[in-house]
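Following: one structure in structure tokens, then a few remarks.
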Amino acid sequence: MNEGNSTRLAVDIGGTFTDVVLWKDDQLYSTKVLTTPDDPSEGFFIGVTEILGQANTAAADIDLVIHGTTLATNALIERRGALTGLLTTEGHRDILEMAYENRFDQYDINADRRAPLVPRYLRAPIRERMNFKGEPLRPLHDDEVRAATDRLLAEGVESVAIGFLHSYANGAHETRAAEIVRETAPGLSITLSSEVCPEVREYDRLSTACANAYVRPLMESYLRKVETGLSDRGFRCSLLLMSSGGGLTTLENACQFPIRLVESGPAGGAILAAAIAKEHNLPSVISFDMGGTTAKICLIDDFEPQTARAFEVDRAYRFKKGSGLPVRIPVIEMVEIGAGGGSIAHNDDLGRIQIGPESAGADPGPACYDRGGKNPTVTDANLLLGKLVKERFACGAIPLNEEAARRVISNEIAVSRQISERDAAQAISDIVEDNMAGAARAHANEWGVDVAGRTLIAFGGAAPLHAGGLAQKLDADRIVIPAGAGVGSAIGFLIAPISYEVIRSRRMSVGNFDPEIALNIIEDMRAEAKPVVTVAAPGGTFTEECRVYMRYQGQGHEIAVAPPADALLDRSGAGVRSAFE
């Protein structure tokens, strides 16, 4: 869990609770405090102060702080990011609306995606053009970029994304445009698609660049505030951030590419579940992480969580692939739904009980928190069902009011159905478990695997309370609830590897394979990744893995291939062809 005898601190900020764990002298200390939505750093330092006192440890004795947060995710879902502009190639400003030119549900006439993060009037077309080889077809005119920047400034933009056609092959025009924007508006936040997502597929690249630009001012301000707060409190160690891909990265990298933190908290949970699976030789696992706001489900086979190169944030239709905002980043593949302890139970227009996705959050929280909550939640139902010990909830920090829970469940659910409060509470519990089971099955179907016969590893504040019901619905063979389950994702941060993933797109056929081009690209990627991991772990020993994304001519998508080291030296391309086949 730790390197040598180092003392490590991990902080995971969720929608309802902020979890803090400290590993010291082979002992784990943990605490949970309510998240402070208006200023998440406040809850961060409340938890840190509490855990240092519990472990009788000084800030200067901490060797490493690791942090994961849902702040970027929440900003995208709640549309609380910066007013963002986009500079893009003339004729391509509508790509964000055109998307994949398909319907995610062709039989639903009301199916629609949410509006793009950057409205059309803030997308400035720029006359320039590269071809797919990165060769200039039309030069970039500096004056046009300056004029476009002035127009965006007049609209009050705080952040700008720059995404030109084929910039993955040659980012020179984007780089020059960024220089002009900095000269014209020195304080503006700038994101280049050729840096945040240097890959083919124009819509995915632009969507990712716009998402990064949208959350960057908020995230950079927050992370700098945490950095300053740690320093002011006497911490002298490094601060690393959990990435959505399951590795740890530096503060500077996180400030530049905050979109890579979108699934940082859930990724820590998947890392923990994979470690437990390996330790107990459980080759087929469902990782079940249920907190106060959401539930996350990840499939783990042969001790490795599924990973992907793309992820959808804020799906308009729950479980519907294609209905969300695509971001192309390294990510641990999982499904996340609005089903947590704070998820609100309500009657829909047809009189059916529905759970979530709205959540009572940390403020006011469920009615039983006795902080002004007026809606029945899953936590209120669990309290009435006897699943929670009132005096020990959240380590005794939040005494629960059973009468308040009984009152809201009676008023909102039981009376209208002429059933008892306990039956209403049971209905809420059953429905939320049905929702999670449906999400797990849909996720497994997307990946062509089965959920039956697996081991369910349950962690997070609410998951152990629903593990039995969910396991039964999914026909799981066994349930594992680890020690420290309530702060499982934060524990996962402590065992996550320091890593950084880089990808580049260069189109090349096997018949015309050029080892020199391939090796030059790999060297450029190594030059980007090495400083990040070296700063994060000075003096560490690192390994390097290389994958090539390949497809047959005429196919639309690739598969990842791990070629032998000498295959990239073979000018005939036989080595990479063999690895692909």
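So you can find residues: chains in the structure tokens are A, B, ... in the order shown, residues in each start at 1, and ligands are numbered from 1 in order.
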
Which residues of range 462-548 of chain A have any atom within 9 Å of an atom in range 176-199 of chain A when counting only C-alpha atoms, and what is the closest pair of atoms for each, with the distance in Å to one decimal? Order the rows by chain and rising number and write it as a tab-separated table.
```
residue	atom	partner	partner_atom	distance
A:Ile503	CA	A:Pro198	CA	7.0
A:Arg504	CA	A:Pro198	CA	5.7
A:Ser505	CA	A:Glu199	CA	4.9
A:Arg506	CA	A:Glu199	CA	8.4
```

Export C-alpha atoms of the chosen residues as a PDB file, in the first residue's frame?
```pdb
ATOM      1  CA  ILE A 503      -1.152   8.979 -27.805  1.00  0.00           C
ATOM      2  CA  ARG A 504      -0.399  10.306 -31.295  1.00  0.00           C
ATOM      3  CA  SER A 505      -2.187   9.732 -34.593  1.00  0.00           C
ATOM      4  CA  ARG A 506      -0.213   9.161 -37.818  1.00  0.00           C
TER       5      ARG A 506
END
```

Excluding Leu83 in chain A and its own-chain neighbours fewer than 3 positions away, which residues fall within 7 Å of it when counting only C-alpha atoms? Please give them as a PyMOL selection string. chain A and resi 157-159+214

Okay, now the selection with N, CA and C atoms, as a short mmCIF file (atom, residue, chain, number, x, y, z; two decimals), in the first residue's frame?
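File produced: result18.cif:
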```cif
data_model
loop_
_atom_site.label_atom_id
_atom_site.label_comp_id
_atom_site.auth_asym_id
_atom_site.auth_seq_id
_atom_site.Cartn_x
_atom_site.Cartn_y
_atom_site.Cartn_z
N VAL A 157 -15.71 36.11 -23.00
CA VAL A 157 -15.19 34.75 -22.81
C VAL A 157 -14.02 34.76 -21.83
N GLU A 158 -13.92 33.67 -21.06
CA GLU A 158 -12.85 33.50 -20.07
C GLU A 158 -11.83 32.45 -20.48
N SER A 159 -12.22 31.63 -21.46
CA SER A 159 -11.37 30.53 -21.88
C SER A 159 -11.59 30.28 -23.37
N TYR A 214 -13.49 24.48 -21.00
CA TYR A 214 -14.65 24.84 -20.19
C TYR A 214 -14.38 24.71 -18.69
#
```

Run DSSP on the backbone of this structure and report the residues of range 178-381 of chain A it assigns to helix (DSSP H, G or I), as a ChimeraX atom specification. /A:178-184,193-196,202-232,251-256,258-261,264-279,367-369,378-381

Could you list, as a PyMOL selection string, every residue within 6 Å of range 378-390 of chain A, counting only C-alpha atoms and ignoring same-chain residues fewer than 3 positions away? chain A and resi 341+343+368+393+400+405+425

Who sits within 12 Å of Leu52 in chain A, only C-alpha atoms, same chain under 4 positions skipped, as a list of chain:residue names: A:Thr7, A:Arg8, A:Leu9, A:Ala10, A:Val20, A:Val21, A:Leu22, A:Trp23, A:Lys24, A:Leu28, A:Tyr29, A:Ser30, A:Thr31, A:Phe45, A:Ile46, A:Gly47, A:Val48, A:Asn56, A:Thr57, A:Ala58, A:Ala59, A:Ala60, A:Asp61, A:Ile62, A:Arg233, A:Gly234, A:Phe235

Write the residues of the selection above to a file with N, CA and C atoms, as a PDB file, in the first residue's frame.
```pdb
ATOM      1  N   THR A   7       4.724   8.001   4.620  1.00  0.00           N
ATOM      2  CA  THR A   7       3.424   8.353   5.189  1.00  0.00           C
ATOM      3  C   THR A   7       2.636   9.093   4.124  1.00  0.00           C
ATOM      4  N   ARG A   8       1.504   8.506   3.748  1.00  0.00           N
ATOM      5  CA  ARG A   8       0.751   9.053   2.618  1.00  0.00           C
ATOM      6  C   ARG A   8      -0.648   9.455   3.033  1.00  0.00           C
ATOM      7  N   LEU A   9      -1.111  10.540   2.431  1.00  0.00           N
ATOM      8  CA  LEU A   9      -2.445  11.072   2.711  1.00  0.00           C
ATOM      9  C   LEU A   9      -3.225  11.112   1.401  1.00  0.00           C
ATOM     10  N   ALA A  10      -4.472  10.625   1.397  1.00  0.00           N
ATOM     11  CA  ALA A  10      -5.314  10.642   0.192  1.00  0.00           C
ATOM     12  C   ALA A  10      -6.643  11.300   0.514  1.00  0.00           C
ATOM     13  N   VAL A  20     -11.125  10.996   3.585  1.00  0.00           N
ATOM     14  CA  VAL A  20      -9.698  11.225   3.826  1.00  0.00           C
ATOM     15  C   VAL A  20      -9.112   9.986   4.495  1.00  0.00           C
ATOM     16  N   VAL A  21      -7.999   9.484   3.963  1.00  0.00           N
ATOM     17  CA  VAL A  21      -7.317   8.349   4.579  1.00  0.00           C
ATOM     18  C   VAL A  21      -5.831   8.677   4.728  1.00  0.00           C
ATOM     19  N   LEU A  22      -5.241   8.133   5.766  1.00  0.00           N
ATOM     20  CA  LEU A  22      -3.825   8.346   6.044  1.00  0.00           C
ATOM     21  C   LEU A  22      -3.182   6.998   6.324  1.00  0.00           C
ATOM     22  N   TRP A  23      -2.096   6.705   5.632  1.00  0.00           N
ATOM     23  CA  TRP A  23      -1.340   5.460   5.841  1.00  0.00           C
ATOM     24  C   TRP A  23      -0.041   5.808   6.553  1.00  0.00           C
ATOM     25  N   LYS A  24       0.114   5.279   7.769  1.00  0.00           N
ATOM     26  CA  LYS A  24       1.287   5.603   8.580  1.00  0.00           C
ATOM     27  C   LYS A  24       1.660   4.395   9.436  1.00  0.00           C
ATOM     28  N   LEU A  28      -3.878   2.184   8.895  1.00  0.00           N
ATOM     29  CA  LEU A  28      -4.738   3.044   8.095  1.00  0.00           C
ATOM     30  C   LEU A  28      -5.678   3.831   9.003  1.00  0.00           C
ATOM     31  N   TYR A  29      -5.690   5.145   8.828  1.00  0.00           N
ATOM     32  CA  TYR A  29      -6.627   6.016   9.528  1.00  0.00           C
ATOM     33  C   TYR A  29      -7.578   6.610   8.480  1.00  0.00           C
ATOM     34  N   SER A  30      -8.844   6.777   8.852  1.00  0.00           N
ATOM     35  CA  SER A  30      -9.796   7.308   7.876  1.00  0.00           C
ATOM     36  C   SER A  30     -10.854   8.162   8.549  1.00  0.00           C
ATOM     37  N   THR A  31     -11.430   9.046   7.752  1.00  0.00           N
ATOM     38  CA  THR A  31     -12.548   9.863   8.228  1.00  0.00           C
ATOM     39  C   THR A  31     -13.382  10.302   7.034  1.00  0.00           C
ATOM     40  N   PHE A  45      -9.805  20.582   3.707  1.00  0.00           N
ATOM     41  CA  PHE A  45      -8.929  20.889   4.837  1.00  0.00           C
ATOM     42  C   PHE A  45      -9.568  20.556   6.179  1.00  0.00           C
ATOM     43  N   ILE A  46     -10.901  20.549   6.259  1.00  0.00           N
ATOM     44  CA  ILE A  46     -11.556  20.068   7.477  1.00  0.00           C
ATOM     45  C   ILE A  46     -11.200  18.600   7.691  1.00  0.00           C
ATOM     46  N   GLY A  47     -11.306  17.812   6.605  1.00  0.00           N
ATOM     47  CA  GLY A  47     -10.971  16.386   6.694  1.00  0.00           C
ATOM     48  C   GLY A  47      -9.511  16.148   6.994  1.00  0.00           C
ATOM     49  N   VAL A  48      -8.626  16.918   6.344  1.00  0.00           N
ATOM     50  CA  VAL A  48      -7.182  16.762   6.556  1.00  0.00           C
ATOM     51  C   VAL A  48      -6.809  17.083   7.999  1.00  0.00           C
ATOM     52  N   ASN A  56      -2.265  11.679  15.136  1.00  0.00           N
ATOM     53  CA  ASN A  56      -1.218  12.376  15.892  1.00  0.00           C
ATOM     54  C   ASN A  56       0.013  12.602  15.013  1.00  0.00           C
ATOM     55  N   THR A  57      -0.243  13.196  13.837  1.00  0.00           N
ATOM     56  CA  THR A  57       0.809  13.391  12.836  1.00  0.00           C
ATOM     57  C   THR A  57       0.888  14.866  12.448  1.00  0.00           C
ATOM     58  N   ALA A  58       2.086  15.374  12.261  1.00  0.00           N
ATOM     59  CA  ALA A  58       2.282  16.753  11.818  1.00  0.00           C
ATOM     60  C   ALA A  58       2.264  16.812  10.295  1.00  0.00           C
ATOM     61  N   ALA A  59       1.840  17.935   9.757  1.00  0.00           N
ATOM     62  CA  ALA A  59       1.781  18.101   8.306  1.00  0.00           C
ATOM     63  C   ALA A  59       3.144  17.874   7.663  1.00  0.00           C
ATOM     64  N   ALA A  60       4.198  18.326   8.324  1.00  0.00           N
ATOM     65  CA  ALA A  60       5.548  18.196   7.765  1.00  0.00           C
ATOM     66  C   ALA A  60       6.000  16.744   7.674  1.00  0.00           C
ATOM     67  N   ASP A  61       5.330  15.829   8.388  1.00  0.00           N
ATOM     68  CA  ASP A  61       5.712  14.420   8.362  1.00  0.00           C
ATOM     69  C   ASP A  61       5.081  13.651   7.206  1.00  0.00           C
ATOM     70  N   ILE A  62       4.168  14.278   6.462  1.00  0.00           N
ATOM     71  CA  ILE A  62       3.511  13.609   5.338  1.00  0.00           C
ATOM     72  C   ILE A  62       4.453  13.620   4.134  1.00  0.00           C
ATOM     73  N   ARG A 233      -0.292  25.293   5.619  1.00  0.00           N
ATOM     74  CA  ARG A 233      -0.517  24.452   6.795  1.00  0.00           C
ATOM     75  C   ARG A 233       0.706  23.611   7.150  1.00  0.00           C
ATOM     76  N   GLY A 234       1.800  23.830   6.447  1.00  0.00           N
ATOM     77  CA  GLY A 234       3.039  23.168   6.826  1.00  0.00           C
ATOM     78  C   GLY A 234       3.394  21.927   6.031  1.00  0.00           C
ATOM     79  N   PHE A 235       2.632  21.601   4.990  1.00  0.00           N
ATOM     80  CA  PHE A 235       2.975  20.449   4.156  1.00  0.00           C
ATOM     81  C   PHE A 235       4.163  20.814   3.271  1.00  0.00           C
TER      82      PHE A 235
END
```

Counting only C-alpha atoms, which residues of range 486-540 of chain A fall within 8 Å of range 454-461 of chain A, and what is the closest atom pair for each with its distance in Å at one decimal, ordered by chain and rising number, as CSV?
```
residue,atom,partner,partner_atom,distance
A:Gly486,CA,A:Gly461,CA,4.3
A:Val487,CA,A:Gly460,CA,5.9
A:Gly488,CA,A:Phe459,CA,5.6
A:Ser489,CA,A:Gly460,CA,7.3
```

For Ala485 in chain A, which residue among A:Ala82, A:Glu263, A:Pro464, A:Pro364 is the nearest when counting only C-alpha atoms?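 Checking each of A:Ala82, A:Glu263, A:Pro464, A:Pro364 against Ala485 in chain A, counting only C-alpha atoms, the winner is A:Pro464.
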
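Among the residues of range 83-242 of chain A, backbone DSSP assigns strand (DSSP E) to Thr84, Gly85, Leu86, Leu87, Thr88, Thr89, Arg123, Ala124, Pro125, Ile126, Arg129, Met130, Pro136, Leu137, Arg138, Ser159, Val160, Ala161, Ile162, Gly163, Ser189, Ile190, Thr191, Leu192, Ser238, Leu239, Leu240, Leu241 and Met242 of chain A.
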
Looking at only C-alpha atoms, which of A:Arg224, A:Arg507, A:Arg93, A:His466 is the one that sits closest to Asn131 in chain A?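 With only C-alpha atoms as the atom set, the closest residue is A:Arg507.
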
Report as an NGL selection string all protein, DNA and RNA residues lying within 6 Å of range 209-212 of chain A, evaluated on only C-alpha atoms, omitting residues in the same chain fewer than 3 positions from it. :A and (161 or 193 or 206 or 215-216 or 259)

Using only C-alpha atoms, which residues sit within 12 Å of range 520-522 of chain A once same-chain residues fewer than 4 positions away are excluded, as a JSON list (two decimals) with N, CA and C atoms, in the first residue's frame?
```
[["chain", "number", "residue", "atom", "x", "y", "z"],
["A", 168, "TYR", "N", -3.78, 17.15, -35.41],
["A", 168, "TYR", "CA", -3.09, 16.00, -34.80],
["A", 168, "TYR", "C", -1.83, 15.66, -35.59],
["A", 169, "ALA", "N", -1.85, 15.94, -36.90],
["A", 169, "ALA", "CA", -0.68, 15.64, -37.74],
["A", 169, "ALA", "C", 0.33, 16.78, -37.74],
["A", 198, "PRO", "N", -4.38, 14.82, -29.36],
["A", 198, "PRO", "CA", -3.77, 14.81, -30.70],
["A", 198, "PRO", "C", -4.10, 13.53, -31.48],
["A", 501, "GLU", "N", -0.13, 8.52, -19.82],
["A", 501, "GLU", "CA", -0.39, 7.92, -21.13],
["A", 501, "GLU", "C", -0.40, 9.00, -22.20],
["A", 502, "VAL", "N", 0.30, 8.73, -23.29],
["A", 502, "VAL", "CA", 0.38, 9.66, -24.41],
["A", 502, "VAL", "C", -0.03, 8.92, -25.67],
["A", 503, "ILE", "N", -0.76, 9.60, -26.55],
["A", 503, "ILE", "CA", -1.15, 8.98, -27.81],
["A", 503, "ILE", "C", -0.94, 9.98, -28.94],
["A", 504, "ARG", "N", -0.57, 9.48, -30.10],
["A", 504, "ARG", "CA", -0.40, 10.31, -31.29],
["A", 504, "ARG", "C", -1.03, 9.57, -32.48],
["A", 505, "SER", "N", -1.60, 10.33, -33.39],
["A", 505, "SER", "CA", -2.19, 9.73, -34.59],
["A", 505, "SER", "C", -1.31, 10.06, -35.80],
["A", 506, "ARG", "N", -0.88, 9.03, -36.52],
["A", 506, "ARG", "CA", -0.21, 9.16, -37.82],
["A", 506, "ARG", "C", -0.72, 8.02, -38.69],
["A", 507, "ARG", "N", -1.35, 8.33, -39.76],
["A", 507, "ARG", "CA", -1.92, 7.28, -40.61],
["A", 507, "ARG", "C", -0.82, 6.67, -41.47],
["A", 514, "ASP", "N", 7.03, 2.74, -42.15],
["A", 514, "ASP", "CA", 8.31, 3.44, -42.07],
["A", 514, "ASP", "C", 8.77, 3.45, -40.61],
["A", 515, "PRO", "N", 9.72, 2.59, -40.24],
["A", 515, "PRO", "CA", 10.18, 2.52, -38.84],
["A", 515, "PRO", "C", 10.70, 3.84, -38.31],
["A", 516, "GLU", "N", 11.34, 4.63, -39.17],
["A", 516, "GLU", "CA", 11.92, 5.89, -38.71],
["A", 516, "GLU", "C", 10.83, 6.84, -38.22],
["A", 526, "ARG", "N", 7.66, 9.90, -25.61],
["A", 526, "ARG", "CA", 8.48, 9.66, -24.42],
["A", 526, "ARG", "C", 8.94, 10.99, -23.81],
["A", 527, "ALA", "N", 9.29, 11.94, -24.68],
["A", 527, "ALA", "CA", 9.74, 13.25, -24.20],
["A", 527, "ALA", "C", 8.63, 13.98, -23.47],
["A", 528, "GLU", "N", 7.37, 13.73, -23.83],
["A", 528, "GLU", "CA", 6.25, 14.36, -23.13],
["A", 528, "GLU", "C", 5.96, 13.65, -21.80],
["A", 529, "ALA", "N", 6.00, 12.33, -21.81],
["A", 529, "ALA", "CA", 5.58, 11.56, -20.63],
["A", 529, "ALA", "C", 6.65, 11.54, -19.53],
["A", 530, "LYS", "N", 7.92, 11.46, -19.92],
["A", 530, "LYS", "CA", 8.98, 11.25, -18.93],
["A", 530, "LYS", "C", 9.07, 12.37, -17.89],
["A", 544, "GLU", "N", 7.94, 1.09, -19.58],
["A", 544, "GLU", "CA", 7.30, 1.72, -20.73],
["A", 544, "GLU", "C", 6.55, 0.66, -21.54],
["A", 545, "GLU", "N", 5.28, 0.97, -21.84],
["A", 545, "GLU", "CA", 4.48, 0.07, -22.66],
["A", 545, "GLU", "C", 4.07, 0.80, -23.93],
["A", 546, "CYS", "N", 4.12, 0.09, -25.05],
["A", 546, "CYS", "CA", 3.79, 0.68, -26.34],
["A", 546, "CYS", "C", 2.66, -0.12, -26.99],
["A", 547, "ARG", "N", 1.66, 0.60, -27.49],
["A", 547, "ARG", "CA", 0.58, -0.04, -28.23],
["A", 547, "ARG", "C", 0.38, 0.68, -29.55],
["A", 548, "VAL", "N", 0.03, -0.09, -30.56],
["A", 548, "VAL", "CA", -0.26, 0.45, -31.87],
["A", 548, "VAL", "C", -1.75, 0.19, -32.15],
["A", 565, "ALA", "N", 9.04, -5.56, -29.39],
["A", 565, "ALA", "CA", 9.90, -4.38, -29.52],
["A", 565, "ALA", "C", 10.58, -4.30, -30.88],
["A", 568, "LEU", "N", 8.85, -2.82, -34.55],
["A", 568, "LEU", "CA", 8.85, -1.44, -35.03],
["A", 568, "LEU", "C", 10.13, -1.10, -35.79],
["A", 569, "LEU", "N", 11.06, -2.04, -35.84],
["A", 569, "LEU", "CA", 12.29, -1.83, -36.61],
["A", 569, "LEU", "C", 12.23, -2.51, -37.97]]
```

Could you name the residues that touch range 319-329 of chain A at 8 Å or less, counting only C-alpha atoms, but leaving out those on the same chain fewer than 5 positions away, as a PyMOL selection string? chain A and resi 103-105+112-114+197+204-205+207-208+211+244-245+259-260+309-314+335+439+442-443
